[in-house]
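Novice: What follows is the file final22.tsv, containing TSV, C-alpha atoms:
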```tsv
chain	number	residue	atom	x	y	z
G	1	ASN	CA	14.25	2.58	-12.21
G	2	MET	CA	13.24	0.67	-9.11
G	3	SER	CA	10.32	0.83	-6.73
G	4	GLN	CA	10.50	2.19	-3.21
G	5	ASP	CA	10.44	-1.25	-1.58
G	6	GLU	CA	13.24	-2.48	-3.88
G	7	ALA	CA	15.41	0.50	-2.95
G	8	VAL	CA	14.69	-0.02	0.75
G	9	SER	CA	15.61	-3.70	0.45
G	10	LEU	CA	19.00	-2.77	-1.01
G	11	MET	CA	19.70	-0.24	1.74
G	12	ARG	CA	18.75	-2.45	4.67
G	13	GLY	CA	21.48	-3.93	6.84
G	14	ASP	CA	22.69	-4.42	10.38
G	15	PRO	CA	22.62	-1.39	12.70
G	16	GLY	CA	26.01	0.30	12.90
G	17	THR	CA	27.16	-0.77	9.44
G	18	GLN	CA	27.83	1.78	6.72
G	19	LEU	CA	26.04	2.27	3.42
G	20	ALA	CA	27.60	3.99	0.41
G	21	LEU	CA	24.88	5.90	-1.41
G	22	ASP	CA	25.23	7.60	-4.81
G	23	ILE	CA	22.49	10.11	-5.60
G	24	TYR	CA	21.92	11.81	-8.94
G	25	ARG	CA	20.07	15.12	-8.82
G	26	GLU	CA	18.25	16.14	-11.96
G	27	SER	CA	18.16	19.76	-10.77
G	28	ASP	CA	21.89	20.27	-11.34
G	29	GLY	CA	22.85	17.13	-13.27
G	30	LYS	CA	25.42	16.13	-10.65
G	31	GLU	CA	26.04	12.92	-8.73
G	32	TYR	CA	26.65	13.07	-4.99
G	33	ASN	CA	28.26	10.41	-2.80
G	34	PHE	CA	27.18	9.85	0.79
G	35	LYS	CA	28.16	7.42	3.53
G	36	ILE	CA	25.33	6.63	5.92
G	37	THR	CA	25.47	4.65	9.16
G	38	ARG	CA	22.52	2.31	9.49
G	39	GLU	CA	20.40	2.68	12.62
G	40	ILE	CA	17.01	1.43	13.75
G	41	ILE	CA	14.44	4.15	13.06
G	42	ASN	CA	10.78	3.71	13.88
G	43	VAL	CA	8.73	5.83	11.48
G	44	PRO	CA	4.95	5.60	11.95
G	45	SER	CA	3.23	4.31	8.83
G	46	VAL	CA	-0.30	5.20	9.90
G	47	GLU	CA	-2.05	8.52	10.52
G	48	TYR	CA	-5.75	8.68	11.35
G	49	LYS	CA	-8.52	11.10	12.28
G	50	THR	CA	-12.22	11.78	11.85
G	51	ILE	CA	-12.98	14.13	8.97
G	52	ASP	CA	-16.75	14.52	9.15
G	53	ASP	CA	-18.22	14.76	12.65
G	54	VAL	CA	-21.81	14.76	11.40
G	55	ALA	CA	-21.54	11.65	9.22
G	56	ARG	CA	-18.89	10.23	11.60
G	57	ILE	CA	-16.39	9.24	8.90
G	58	GLY	CA	-12.93	8.01	9.80
G	59	TYR	CA	-9.80	8.54	7.72
G	60	ILE	CA	-6.62	6.43	7.80
G	61	SER	CA	-3.51	7.15	5.74
G	62	LEU	CA	-1.16	4.17	5.31
G	63	ASN	CA	2.12	5.31	3.75
G	64	GLN	CA	4.03	2.00	3.74
G	65	PHE	CA	3.89	-1.64	4.80
G	66	HIS	CA	6.55	-2.34	7.41
G	67	ALA	CA	6.91	-4.62	10.45
G	68	ARG	CA	4.76	-2.44	12.73
G	69	SER	CA	2.14	-1.39	10.17
G	70	TYR	CA	-0.39	-4.08	11.10
G	71	GLU	CA	-0.19	-3.16	14.78
G	72	GLU	CA	-0.50	0.54	13.94
G	73	MET	CA	-3.44	-0.08	11.61
G	74	SER	CA	-5.25	-2.22	14.19
G	75	GLY	CA	-4.76	0.50	16.78
G	76	ALA	CA	-6.10	3.16	14.44
G	77	VAL	CA	-9.16	1.09	13.54
G	78	ASN	CA	-9.89	0.31	17.19
G	79	SER	CA	-9.60	3.98	18.13
G	80	LEU	CA	-11.99	5.02	15.36
G	81	MET	CA	-14.43	2.28	16.36
G	82	GLU	CA	-14.41	3.67	19.91
G	83	GLN	CA	-15.38	7.01	18.36
G	84	LYS	CA	-18.27	5.16	16.67
G	85	VAL	CA	-17.40	6.05	13.09
G	86	ARG	CA	-19.94	4.84	10.53
G	87	GLY	CA	-17.59	4.59	7.56
G	88	LEU	CA	-13.89	4.70	6.72
G	89	ILE	CA	-11.63	6.15	4.01
G	90	LEU	CA	-8.35	4.26	3.64
G	91	ASP	CA	-5.74	6.34	1.82
G	92	LEU	CA	-3.13	4.28	-0.07
G	93	ARG	CA	-2.03	7.10	-2.37
G	94	ASN	CA	1.75	7.34	-2.82
G	95	ASN	CA	2.23	4.10	-0.89
G	96	GLY	CA	4.93	2.27	-2.82
G	97	GLY	CA	4.48	-1.02	-0.98
G	98	GLY	CA	6.62	-2.97	1.44
G	99	ASP	CA	6.19	-6.23	3.32
G	100	PHE	CA	4.02	-8.81	1.52
G	101	ASP	CA	2.91	-10.59	4.72
G	102	VAL	CA	1.91	-7.31	6.35
G	103	ALA	CA	-0.40	-6.58	3.41
G	104	ILE	CA	-2.08	-9.97	3.95
G	105	ASN	CA	-2.52	-9.29	7.66
G	106	ILE	CA	-3.96	-5.81	7.11
G	107	ALA	CA	-6.41	-7.20	4.55
G	108	GLY	CA	-7.67	-9.46	7.34
G	109	ILE	CA	-8.83	-6.40	9.28
G	110	PHE	CA	-11.39	-5.61	6.59
G	111	LEU	CA	-12.14	-8.99	4.99
G	112	ASP	CA	-13.74	-11.99	6.66
G	113	GLY	CA	-11.83	-15.07	5.53
G	114	GLU	CA	-11.93	-14.34	1.79
G	115	GLU	CA	-9.00	-14.71	-0.61
G	116	VAL	CA	-6.48	-11.86	-0.50
G	117	VAL	CA	-4.08	-12.83	-3.30
G	118	SER	CA	-2.65	-15.85	-5.11
G	119	VAL	CA	1.01	-16.25	-6.00
G	120	ALA	CA	2.39	-18.39	-8.84
G	121	ASN	CA	6.01	-19.44	-9.34
G	122	ALA	CA	7.84	-20.08	-12.62
G	123	SER	CA	6.47	-23.62	-12.88
G	124	GLY	CA	2.89	-22.40	-12.49
G	125	GLN	CA	2.36	-23.70	-8.97
G	126	LYS	CA	-0.06	-21.44	-7.10
G	127	GLU	CA	-0.39	-20.59	-3.45
G	128	VAL	CA	-3.53	-18.83	-2.23
G	129	TYR	CA	-3.44	-16.49	0.75
G	130	MET	CA	-6.66	-16.11	2.73
G	131	ALA	CA	-7.68	-13.37	5.15
G	132	THR	CA	-8.32	-13.98	8.81
G	133	PRO	CA	-11.79	-13.14	10.21
G	134	GLY	CA	-12.26	-9.37	10.01
G	135	MET	CA	-12.50	-6.70	12.69
G	136	VAL	CA	-14.85	-4.27	10.96
G	137	ASP	CA	-17.74	-4.33	8.52
G	138	PHE	CA	-18.61	-0.65	8.07
G	139	PRO	CA	-18.56	0.94	4.58
G	140	LEU	CA	-15.08	1.43	3.15
G	141	VAL	CA	-13.62	3.60	0.36
G	142	VAL	CA	-9.97	3.25	-0.70
G	143	LEU	CA	-7.99	6.08	-2.29
G	144	VAL	CA	-5.32	5.07	-4.84
G	145	ASN	CA	-3.14	6.76	-7.45
G	146	GLN	CA	-0.34	6.00	-9.90
G	147	HIS	CA	2.14	5.74	-7.03
G	148	SER	CA	0.17	3.04	-5.18
G	149	ALA	CA	2.26	-0.06	-5.88
G	150	SER	CA	3.07	-3.62	-4.90
G	151	ALA	CA	1.67	-4.36	-1.42
G	152	SER	CA	-0.75	-1.44	-1.84
G	153	GLU	CA	-2.12	-3.12	-4.95
G	154	ILE	CA	-2.45	-6.44	-3.13
G	155	LEU	CA	-4.61	-4.77	-0.48
G	156	ALA	CA	-6.60	-2.59	-2.89
G	157	GLY	CA	-7.15	-5.49	-5.30
G	158	ALA	CA	-8.37	-7.78	-2.53
G	159	LEU	CA	-10.82	-5.21	-1.19
G	160	LYS	CA	-12.12	-4.38	-4.67
G	161	ASP	CA	-12.46	-7.95	-5.99
G	162	ASN	CA	-14.23	-9.10	-2.82
G	163	LYS	CA	-16.58	-6.12	-3.17
G	164	ARG	CA	-15.55	-4.96	0.27
G	165	ALA	CA	-14.51	-1.46	-0.80
G	166	VAL	CA	-14.99	1.11	-3.53
G	167	LEU	CA	-11.78	2.47	-5.10
G	168	VAL	CA	-11.47	6.18	-5.90
G	169	GLY	CA	-8.60	8.02	-7.59
G	170	GLU	CA	-6.27	7.01	-10.40
G	171	LYS	CA	-5.00	3.74	-11.87
G	172	THR	CA	-2.35	2.13	-9.68
G	173	TYR	CA	1.31	1.56	-10.61
G	174	GLY	CA	1.10	-2.05	-11.80
G	175	LYS	CA	3.73	-4.05	-9.92
G	176	GLY	CA	2.51	-7.62	-9.72
G	177	LEU	CA	5.85	-9.36	-9.25
G	178	VAL	CA	7.44	-10.85	-6.17
G	179	GLN	CA	11.15	-10.09	-6.45
G	180	ARG	CA	14.15	-10.87	-4.31
G	181	ILE	CA	17.29	-8.73	-4.25
G	182	TYR	CA	20.66	-10.31	-3.52
G	183	PRO	CA	23.39	-7.77	-2.63
G	184	LEU	CA	26.80	-8.60	-4.14
G	185	GLN	CA	30.19	-7.96	-2.58
G	186	ASP	CA	31.17	-5.29	-5.11
G	187	GLY	CA	28.20	-3.11	-4.16
G	188	ALA	CA	26.02	-4.25	-7.07
G	189	ALA	CA	22.94	-6.40	-6.63
G	190	LEU	CA	21.14	-9.22	-8.40
G	191	LYS	CA	17.36	-8.84	-8.68
G	192	LEU	CA	15.40	-12.01	-9.43
G	193	THR	CA	11.70	-12.29	-10.15
G	194	ILE	CA	10.61	-15.40	-8.28
G	195	GLN	CA	6.80	-15.19	-8.37
G	196	LYS	CA	3.87	-13.32	-9.88
G	197	TYR	CA	0.73	-12.50	-7.96
G	198	TYR	CA	-2.92	-12.32	-9.00
G	199	THR	CA	-5.88	-10.56	-7.42
G	200	PRO	CA	-8.77	-12.72	-6.12
G	201	ASP	CA	-10.53	-12.48	-9.50
G	202	GLY	CA	-7.42	-13.95	-11.14
G	203	THR	CA	-6.30	-10.63	-12.63
G	204	ASP	CA	-2.64	-10.11	-13.55
G	205	ILE	CA	-2.00	-6.43	-12.82
G	206	ASN	CA	1.72	-6.33	-13.61
G	207	GLU	CA	2.53	-3.30	-15.79
G	208	ILE	CA	-1.25	-2.75	-16.03
G	209	GLY	CA	-2.40	-1.57	-12.62
G	210	ILE	CA	-5.82	-1.55	-11.01
G	211	ASN	CA	-8.49	0.80	-12.31
G	212	PRO	CA	-10.51	2.55	-9.59
G	213	ASP	CA	-14.30	2.42	-9.57
G	214	TYR	CA	-14.31	6.22	-9.78
G	215	GLN	CA	-11.54	7.83	-11.84
G	216	VAL	CA	-10.67	11.22	-10.35
G	217	GLU	CA	-7.54	13.29	-11.00
G	218	ASN	CA	-6.29	15.92	-8.59
G	219	ASP	CA	-5.21	19.32	-9.85
G	220	PRO	CA	-1.52	19.72	-8.85
G	221	ASN	CA	-1.98	23.49	-8.79
G	222	SER	CA	-4.86	23.36	-6.33
G	223	ASN	CA	-5.05	22.61	-2.62
G	224	ASN	CA	-8.51	21.13	-3.15
G	225	ASP	CA	-8.31	17.34	-2.80
G	226	LEU	CA	-10.85	16.25	-5.42
G	227	GLN	CA	-10.16	12.57	-4.81
G	228	LEU	CA	-10.85	12.84	-1.09
G	229	ASN	CA	-13.99	14.88	-1.80
G	230	LYS	CA	-15.25	12.13	-4.13
G	231	ALA	CA	-14.46	9.47	-1.54
G	232	LEU	CA	-16.54	11.38	1.01
G	233	GLU	CA	-19.41	11.68	-1.46
G	234	VAL	CA	-19.36	7.95	-2.25
G	235	LEU	CA	-19.10	6.95	1.40
G	236	LYS	CA	-21.97	9.18	2.52
G	237	LYS	CA	-24.24	7.56	-0.07
G	238	GLN	CA	-23.47	4.18	1.51
G	239	ILE	CA	-24.03	5.45	5.04
G	240	TYR	CA	-27.32	7.31	4.52
```
The structure in this file should be written as structure tokens.

Specialist:
Amino acid sequence: NMSQDEAVSLMRGDPGTQLALDIYRESDGKEYNFKITREIINVPSVEYKTIDDVARIGYISLNQFHARSYEEMSGAVNSLMEQKVRGLILDLRNNGGGDFDVAINIAGIFLDGEEVVSVANASGQKEVYMATPGMVDFPLVVLVNQHSASASEILAGALKDNKRAVLVGEKTYGKGLVQRIYPLQDGAALKLTIQKYYTPDGTDINEIGINPDYQVENDPNSNNDLQLNKALEVLKKQIY
């Protein structure tokens, strides 16, 4: 098994080049072979809206961390600020991660110079990453679940440990490793763990995950989003 960002790293390449992709489908137990031509595709990583006009609560869903995610997030936050929202729900559910540096930059939107994450190599040498001065200071609730991984956990851990946000949902995936993938000529790849990261409180979350402040499970057979409802409840208590 590999995470979403690991799979994406393996599939990346120069536009116009071909990728051989083997896919196994559990539904029929068969393996399918595809050849895909790489192209540049810009998929928005951010969706936002207001979800409570009376309390003026903003909602931002961040589905991945890619090169344009910081710019998209900044634009979403600025737009919601123009609408004079009084609080924000940041949805990191099902966000499997992505670019490490983008996670640091996005943390800087909400933090104000505090530590975001520290990274240690095999010899124990640590490097601490700090946030830039923040853009916003209104109340913040972050939604997470078991599919929130890697860069999502960096952001969620930084906001929780610095007491900048309340986490609602389910325990996160638990990927606290910085790994590099080296494609080989025969189509295989070598994956090396080069660093391990720690949340600002010094917590190692690898294979453990981050526990939310409010544990809430959604019913897969219901359209009622219990986690979002709880986030709204928590946020309104901070606003009023």

Novice: Counting only C-alpha atoms, which residues in region 117-216 of chain G sit no more than 9 Å from region 10-17 of chain G? For each one, give the nearest pair of atoms and the distance in Å, sorted by chain then residue number, as a Markdown table.

Specialist:
```
| residue | atom | partner | partner_atom | distance |
| --- | --- | --- | --- | --- |
| G:Ile181 | CA | G:Leu10 | CA | 7.0 |
| G:Tyr182 | CA | G:Leu10 | CA | 8.1 |
| G:Pro183 | CA | G:Leu10 | CA | 6.8 |
| G:Ala189 | CA | G:Leu10 | CA | 7.8 |
```

Novice: Go ahead and write the selection's residues with C-alpha atoms as an mmCIF file, in the coordinates of the input.

Specialist:
```cif
data_model
loop_
_atom_site.group_PDB
_atom_site.id
_atom_site.type_symbol
_atom_site.label_atom_id
_atom_site.label_comp_id
_atom_site.auth_asym_id
_atom_site.auth_seq_id
_atom_site.Cartn_x
_atom_site.Cartn_y
_atom_site.Cartn_z
ATOM 1 C CA ILE G 181 17.290 -8.730 -4.250
ATOM 2 C CA TYR G 182 20.660 -10.310 -3.520
ATOM 3 C CA PRO G 183 23.390 -7.770 -2.630
ATOM 4 C CA ALA G 189 22.940 -6.400 -6.630
#
```

Novice: State, in Å with one decimal place, the distance from CA of Lys49 (chain G) to CA of Asp225 (chain G).

Specialist: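 It comes out at 16.3 Å.
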
Novice: Of the candidates G:Val8, G:Leu190, G:Ala156, G:Val168, which shows the shortest atom-to-atom distance to Tyr214 (chain G), using all atoms listed in the file?

Specialist: G:Val168

Novice: Excluding Ile154 (chain G) and its own-chain neighbours fewer than 2 positions away, which residues fall within 8 Å of it when counting only C-alpha atoms? Please give them as a PyMOL selection string.

Specialist: chain G and resi 103-104+116-117+150-152+156-158+199

Novice: May I have the residues within 9 Å of region 120-125 of chain G as a PDB file with C-alpha atoms, keeping the file's coordinate frame, using all atoms listed in the file and disregarding those fewer than 6 positions away in the same chain?

Specialist:
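So part.pdb came out as:
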```pdb
ATOM      1  CA  ILE G 194      10.610 -15.400  -8.280  1.00  0.00           C
ATOM      2  CA  GLN G 195       6.800 -15.190  -8.370  1.00  0.00           C
ATOM      3  CA  LYS G 196       3.870 -13.320  -9.880  1.00  0.00           C
ATOM      4  CA  TYR G 197       0.730 -12.500  -7.960  1.00  0.00           C
ATOM      5  CA  TYR G 198      -2.920 -12.320  -9.000  1.00  0.00           C
TER       6      TYR G 198
END
```

Novice: I'd like the neighbourhood of Met73 (chain G) as a count of residues only, where a residue qualifies if any of its atoms comes within 12 Å (using only C-alpha atoms), though same-chain residues fewer than 6 positions away should be ignored.

Specialist: 27

Novice: Find the distance between CA of Ser27 (chain G) and CA of Pro220 (chain G) and write it in Å to one decimal.

Specialist: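 Taking CA of Ser27 (chain G) as the start and CA of Pro220 (chain G) as the end point, the length is 19.8 Å.
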
Novice: Under the rule that all atoms listed in the file are counted, which of G:Gly98, G:Asn78, G:Val85, G:Ala20 is the nearest residue to Ile51 (chain G)?

Specialist: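 Residue with the minimum atom-to-atom distance to Ile51 (chain G): G:Val85.
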
Novice: What does the distance between CA of Val54 (chain G) and CA of Glu170 (chain G) come to in Å, to one decimal place?

Specialist: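 Between these atoms lies a distance of 27.9 Å.
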
Novice: Would you please work out which residue, of G:Asn162, G:Asn42, G:Gln83, G:Asn218, is nearest to Val144 (chain G) when using all atoms listed in the file?

Specialist: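 Selected residue with least distance to Val144 (chain G): G:Asn218.
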
Novice: Give me the residues near Asp112 (chain G) as a list in words, where near means some atom within 7 Å (using only C-alpha atoms) and where sequence neighbours in that chain fewer than 6 positions away do not count.

Specialist: Ala131, Thr132, Pro133 and Gly134 of chain G

Novice: Using only C-alpha atoms, which of the listed residues (G:Leu88, G:Asp186, G:Lys191, G:Ala149) sits closest to Val234 (chain G)?

Specialist: G:Leu88

Novice: Return the single residue from G:Asp137, G:Val178, G:Gln227, G:Ile41 that is closest to Asp101 (chain G), with distances computed using only C-alpha atoms.

Specialist: G:Val178

Novice: Emit as AutoDock Vina command-line options the padded axis-aligned box for all listed atoms of region 11-17 of chain G, 5 Å per side, with centre and edge lengths in Å to one decimal.

Specialist:
```
--center_x 23.0 --center_y -2.1 --center_z 7.3 --size_x 18.4 --size_y 14.7 --size_z 21.2
```
